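Visitor: Quick one: the structure is below, and I'll ask about it shortly.
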Amino acid sequence: MANDENIRKTIDAASEEVFKVVESALRDVWRVANDLARIRPPHEYYRVTVFGSSRVEPGDQIYDEVKRLAADLARMGCDIVTGGGPGLMQAANEGAKVGDPDNVTRSFGLPIELPFEEEPNPFVEKMYRHQTFFTRLHHFVRLSSAFIVVRGGIGTTLEMAMIWQLLQVRHMQNVPLILVGDMWGELIEWSRRHMLDGDHELASPKDLDLPICVASVEEAVEVIRKSRDRLER
């Protein structure tokens with residue numbers, strides 16, 4: 001029995017030591033990730049990330065609108081960044097190809113490893129595959145000069161909310177977050193109603209002015225055009 005107890009204590013001590021080593025290594029990794037996340041794209045590149053649903057089919061009206069959006073941005077000289085999957089991500093990467101026949105700009109895809117996820121869409125030119133949402137979200141932030149959010153579900157909402165919070169706490173500044181369509185406008189109105197009314201303010205009014213709500217992809221393009229012009233002055 002005494003021998004068994006000694007073995008157990010030895011295993012426990014070894015496990016504790018391994019845990020300490022892993023925890024220390026993770027802290028170092030997170031420190032590096034934090035440093036890298038502060039790097040912004042050089043001014044010679046203007047990269048626009050488009051967040052949107054993977055469930056929309058080619059031929060749907062919103063698919064064609066997002067394709068047109070990305071084509072207009074590519075003609076302006078903007079790189080396009082998406083999650084690299086199907087649906088509206090594919091629409092954006094396809095539009096980037098249509099708007100850049102001379103292959104001057106780049107079309108990025110950042111797919112995520114999921115059991116049910118399809119292969120990256122065929123219009124991605126430069127791909128970085130991620131195994132976690134955490135690293136992928138940081139990569140979006142590091143790459144992008146602006147964000148456009150079109151129709152989407154839970155994943156798109158997560159991506160939009162992270163960018164919104166980074167702007168709120170000024171981990172990013174002067175980076176447009178553009179929300180296209182009624183669903184996002186209604187979300188902002190819901191936020192105003194529930195976060196600003198009542199006995200306790202749950203956010204500052206200026207926080208809810210950070211996202212730029214527009215009704216159409218054409219308006220989103222104009223916001224990007226003005227942002228890009230300001231950077232080039």
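Within each chain, counting starts at residue 1; across the structure tokens, chains are named A, B, ... in the order shown, with ligands numbered 1 upward in that order.
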Skip segment 68-75 of chain A itself and residues of its chain fewer than 2 positions away, then list as a PyMOL selection string all residues within 6 Å of it, counting only C-alpha atoms.
Guide: chain A and resi 65-66+77-78+92+95-96+98-100+217
Visitor: Keeping only N, CA and C atoms, write those residues as a PDB file, in the first residue's frame.
Guide:
```pdb
ATOM      1  N   GLU A  65     -25.658  40.123 -55.258  1.00  0.00           N
ATOM      2  CA  GLU A  65     -25.331  41.439 -54.691  1.00  0.00           C
ATOM      3  C   GLU A  65     -23.932  41.428 -54.079  1.00  0.00           C
ATOM      4  N   VAL A  66     -23.601  40.374 -53.342  1.00  0.00           N
ATOM      5  CA  VAL A  66     -22.282  40.296 -52.716  1.00  0.00           C
ATOM      6  C   VAL A  66     -21.194  40.115 -53.776  1.00  0.00           C
ATOM      7  N   GLY A  77      -9.147  48.408 -56.383  1.00  0.00           N
ATOM      8  CA  GLY A  77      -7.815  48.002 -55.927  1.00  0.00           C
ATOM      9  C   GLY A  77      -7.790  47.386 -54.558  1.00  0.00           C
ATOM     10  N   CYS A  78      -8.956  46.994 -54.034  1.00  0.00           N
ATOM     11  CA  CYS A  78      -9.023  46.381 -52.705  1.00  0.00           C
ATOM     12  C   CYS A  78      -8.832  44.866 -52.804  1.00  0.00           C
ATOM     13  N   ALA A  92     -18.198  36.529 -52.597  1.00  0.00           N
ATOM     14  CA  ALA A  92     -17.207  37.609 -52.486  1.00  0.00           C
ATOM     15  C   ALA A  92     -15.913  37.252 -53.206  1.00  0.00           C
ATOM     16  N   GLY A  95     -16.594  37.432 -56.902  1.00  0.00           N
ATOM     17  CA  GLY A  95     -16.668  38.819 -57.348  1.00  0.00           C
ATOM     18  C   GLY A  95     -15.302  39.461 -57.447  1.00  0.00           C
ATOM     19  N   ALA A  96     -14.409  39.103 -56.520  1.00  0.00           N
ATOM     20  CA  ALA A  96     -13.044  39.644 -56.576  1.00  0.00           C
ATOM     21  C   ALA A  96     -12.356  39.237 -57.875  1.00  0.00           C
ATOM     22  N   VAL A  98     -13.918  38.496 -60.738  1.00  0.00           N
ATOM     23  CA  VAL A  98     -14.583  39.211 -61.834  1.00  0.00           C
ATOM     24  C   VAL A  98     -14.070  40.649 -61.935  1.00  0.00           C
ATOM     25  N   GLY A  99     -13.880  41.298 -60.789  1.00  0.00           N
ATOM     26  CA  GLY A  99     -13.472  42.700 -60.782  1.00  0.00           C
ATOM     27  C   GLY A  99     -11.991  42.921 -60.987  1.00  0.00           C
ATOM     28  N   ASP A 100     -11.224  41.837 -61.039  1.00  0.00           N
ATOM     29  CA  ASP A 100      -9.765  41.953 -61.164  1.00  0.00           C
ATOM     30  C   ASP A 100      -9.247  40.978 -62.223  1.00  0.00           C
ATOM     31  N   VAL A 217     -25.441  47.239 -50.957  1.00  0.00           N
ATOM     32  CA  VAL A 217     -24.015  47.026 -51.180  1.00  0.00           C
ATOM     33  C   VAL A 217     -23.385  48.248 -51.849  1.00  0.00           C
TER      34      VAL A 217
END
```
Visitor: Which neighbours of Asp209 of chain A fall inside 12 Å, counting only C-alpha atoms, when residues of the same chain fewer than 5 positions from it are skipped, and could you give them as number ranges by chain?
Guide: A: 164, 167-168, 176-179, 185, 188-189, 191-192, 203-204
Visitor: Create the file for the chosen residues now, containing C-alpha atoms and written as a tab-separated table (two decimals), in the first residue's frame.
Guide:
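Saved file selection14.tsv follows:
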```tsv
chain	number	residue	atom	x	y	z
A	164	TRP	CA	-17.52	45.65	-32.81
A	167	LEU	CA	-13.56	48.93	-31.91
A	168	GLN	CA	-15.40	49.66	-28.65
A	176	PRO	CA	-14.94	50.70	-40.81
A	177	LEU	CA	-17.43	48.07	-39.68
A	178	ILE	CA	-20.23	48.22	-42.24
A	179	LEU	CA	-23.48	46.31	-41.70
A	185	GLY	CA	-30.09	47.61	-38.56
A	188	ILE	CA	-28.57	47.87	-33.59
A	189	GLU	CA	-32.03	49.20	-32.76
A	191	SER	CA	-29.23	47.08	-28.76
A	192	ARG	CA	-30.26	50.71	-28.27
A	203	ALA	CA	-23.24	50.38	-23.12
A	204	SER	CA	-22.34	53.94	-24.06
```
Visitor: Compile the contact shell of Gly84 of chain A as a PDB file with N, CA and C atoms, in the first residue's frame: residues with an atom at most 9 Å away, counting only C-alpha atoms, same-chain residues fewer than 6 positions apart removed.
Guide:
```
ATOM      1  N   GLN A  90     -18.115  32.548 -50.924  1.00  0.00           N
ATOM      2  CA  GLN A  90     -17.779  32.244 -52.320  1.00  0.00           C
ATOM      3  C   GLN A  90     -18.178  33.394 -53.228  1.00  0.00           C
ATOM      4  N   ASN A  93     -15.431  36.020 -53.021  1.00  0.00           N
ATOM      5  CA  ASN A  93     -14.202  35.612 -53.716  1.00  0.00           C
ATOM      6  C   ASN A  93     -14.414  35.558 -55.231  1.00  0.00           C
ATOM      7  N   PHE A 108      -8.329  36.424 -50.576  1.00  0.00           N
ATOM      8  CA  PHE A 108      -7.914  35.554 -49.471  1.00  0.00           C
ATOM      9  C   PHE A 108      -9.086  34.703 -48.983  1.00  0.00           C
ATOM     10  N   GLY A 109      -8.761  33.518 -48.483  1.00  0.00           N
ATOM     11  CA  GLY A 109      -9.729  32.683 -47.801  1.00  0.00           C
ATOM     12  C   GLY A 109      -9.115  32.104 -46.541  1.00  0.00           C
ATOM     13  N   LEU A 110      -9.857  32.174 -45.434  1.00  0.00           N
ATOM     14  CA  LEU A 110      -9.387  31.631 -44.153  1.00  0.00           C
ATOM     15  C   LEU A 110     -10.360  30.550 -43.680  1.00  0.00           C
ATOM     16  N   PRO A 111     -10.322  29.368 -44.303  1.00  0.00           N
ATOM     17  CA  PRO A 111     -11.272  28.314 -43.922  1.00  0.00           C
ATOM     18  C   PRO A 111     -10.957  27.736 -42.550  1.00  0.00           C
ATOM     19  N   ILE A 112     -11.994  27.159 -41.953  1.00  0.00           N
ATOM     20  CA  ILE A 112     -11.878  26.560 -40.635  1.00  0.00           C
ATOM     21  C   ILE A 112     -12.048  25.041 -40.753  1.00  0.00           C
ATOM     22  N   GLU A 119     -14.770  21.811 -48.846  1.00  0.00           N
ATOM     23  CA  GLU A 119     -13.483  22.345 -49.265  1.00  0.00           C
ATOM     24  C   GLU A 119     -13.605  23.844 -49.523  1.00  0.00           C
ATOM     25  N   PRO A 120     -12.488  24.587 -49.441  1.00  0.00           N
ATOM     26  CA  PRO A 120     -12.542  26.023 -49.761  1.00  0.00           C
ATOM     27  C   PRO A 120     -13.130  26.241 -51.150  1.00  0.00           C
ATOM     28  N   ASN A 121     -13.810  27.363 -51.314  1.00  0.00           N
ATOM     29  CA  ASN A 121     -14.431  27.622 -52.611  1.00  0.00           C
ATOM     30  C   ASN A 121     -13.354  27.823 -53.688  1.00  0.00           C
ATOM     31  N   PRO A 122     -13.682  27.568 -54.942  1.00  0.00           N
ATOM     32  CA  PRO A 122     -12.661  27.546 -55.998  1.00  0.00           C
ATOM     33  C   PRO A 122     -12.121  28.914 -56.388  1.00  0.00           C
ATOM     34  N   PHE A 123     -12.649  29.986 -55.823  1.00  0.00           N
ATOM     35  CA  PHE A 123     -12.220  31.329 -56.223  1.00  0.00           C
ATOM     36  C   PHE A 123     -11.181  31.928 -55.266  1.00  0.00           C
ATOM     37  N   VAL A 124     -10.840  31.186 -54.212  1.00  0.00           N
ATOM     38  CA  VAL A 124      -9.809  31.646 -53.283  1.00  0.00           C
ATOM     39  C   VAL A 124      -8.448  31.558 -53.964  1.00  0.00           C
ATOM     40  N   MET A 127      -4.798  30.999 -49.513  1.00  0.00           N
ATOM     41  CA  MET A 127      -5.549  30.337 -48.452  1.00  0.00           C
ATOM     42  C   MET A 127      -4.691  30.109 -47.211  1.00  0.00           C
ATOM     43  N   TYR A 128      -5.319  30.325 -46.038  1.00  0.00           N
ATOM     44  CA  TYR A 128      -4.713  29.989 -44.758  1.00  0.00           C
ATOM     45  C   TYR A 128      -5.757  29.195 -43.976  1.00  0.00           C
ATOM     46  N   ARG A 129      -5.499  27.928 -43.745  1.00  0.00           N
ATOM     47  CA  ARG A 129      -6.474  27.090 -43.053  1.00  0.00           C
ATOM     48  C   ARG A 129      -6.241  27.149 -41.539  1.00  0.00           C
TER      49      ARG A 129
END
```
Visitor: Quick check for you: according to DSSP on this backbone, which residues of segment 151-214 of chain A are classed as alpha helix (DSSP H)? Reply as a count of residues only.
Guide: 29
Visitor: Atom CA of Met76 of chain A to atom CA of Asp64 of chain A: how many Å, to one decimal?
Guide: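 Interatomic distance here is 18.6 Å.
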Visitor: If we count only C-alpha atoms, what is near segment 44-57 of chain A at a cut-off of 7 Å, once residues fewer than 4 positions away on the same chain are taken out, given as a PyMOL selection string?
Guide: chain A and resi 63+78-82+85-89+92+143-153+156
Visitor: Pull C-alpha atoms from the residues just selected and write them as an mmCIF file, in the first residue's frame.
Guide:
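Result went into selection-v6.cif, see below:
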```
data_model
loop_
_atom_site.group_PDB
_atom_site.id
_atom_site.type_symbol
_atom_site.label_atom_id
_atom_site.label_comp_id
_atom_site.auth_asym_id
_atom_site.auth_seq_id
_atom_site.Cartn_x
_atom_site.Cartn_y
_atom_site.Cartn_z
ATOM 1 C CA TYR A 63 -25.373 36.086 -53.715
ATOM 2 C CA CYS A 78 -9.023 46.381 -52.705
ATOM 3 C CA ASP A 79 -8.019 42.869 -51.708
ATOM 4 C CA ILE A 80 -10.953 40.696 -50.603
ATOM 5 C CA VAL A 81 -10.824 38.474 -47.499
ATOM 6 C CA THR A 82 -13.441 35.853 -46.576
ATOM 7 C CA GLY A 85 -16.183 28.663 -47.650
ATOM 8 C CA PRO A 86 -19.332 28.413 -49.777
ATOM 9 C CA GLY A 87 -22.322 30.752 -49.877
ATOM 10 C CA LEU A 88 -21.682 34.469 -49.541
ATOM 11 C CA MET A 89 -17.996 33.839 -48.884
ATOM 12 C CA ALA A 92 -17.207 37.609 -52.486
ATOM 13 C CA LEU A 143 -5.269 41.187 -42.369
ATOM 14 C CA SER A 144 -8.099 43.666 -42.717
ATOM 15 C CA SER A 145 -8.485 47.392 -43.273
ATOM 16 C CA ALA A 146 -12.298 47.266 -43.178
ATOM 17 C CA PHE A 147 -15.140 44.822 -42.566
ATOM 18 C CA ILE A 148 -18.438 44.420 -44.401
ATOM 19 C CA VAL A 149 -21.094 42.207 -42.828
ATOM 20 C CA VAL A 150 -23.845 40.891 -45.079
ATOM 21 C CA ARG A 151 -26.662 38.493 -44.327
ATOM 22 C CA GLY A 152 -25.574 35.652 -42.051
ATOM 23 C CA GLY A 153 -26.284 33.434 -39.080
ATOM 24 C CA THR A 156 -21.450 35.805 -38.943
#
```
Visitor: Atom CA of Asp207 of chain A to atom CA of His139 of chain A: how many Å, to one decimal?
Guide: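 If I compute the distance from atom CA of Asp207 of chain A to atom CA of His139 of chain A, I get 23.6 Å.
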Visitor: Just the strand (DSSP E or B) stuff from segment 40-160 of chain A, please, per backbone DSSP, written as number ranges by chain.
Guide: A: 47-51, 79-82, 107-109, 112, 126-127, 130, 146-149
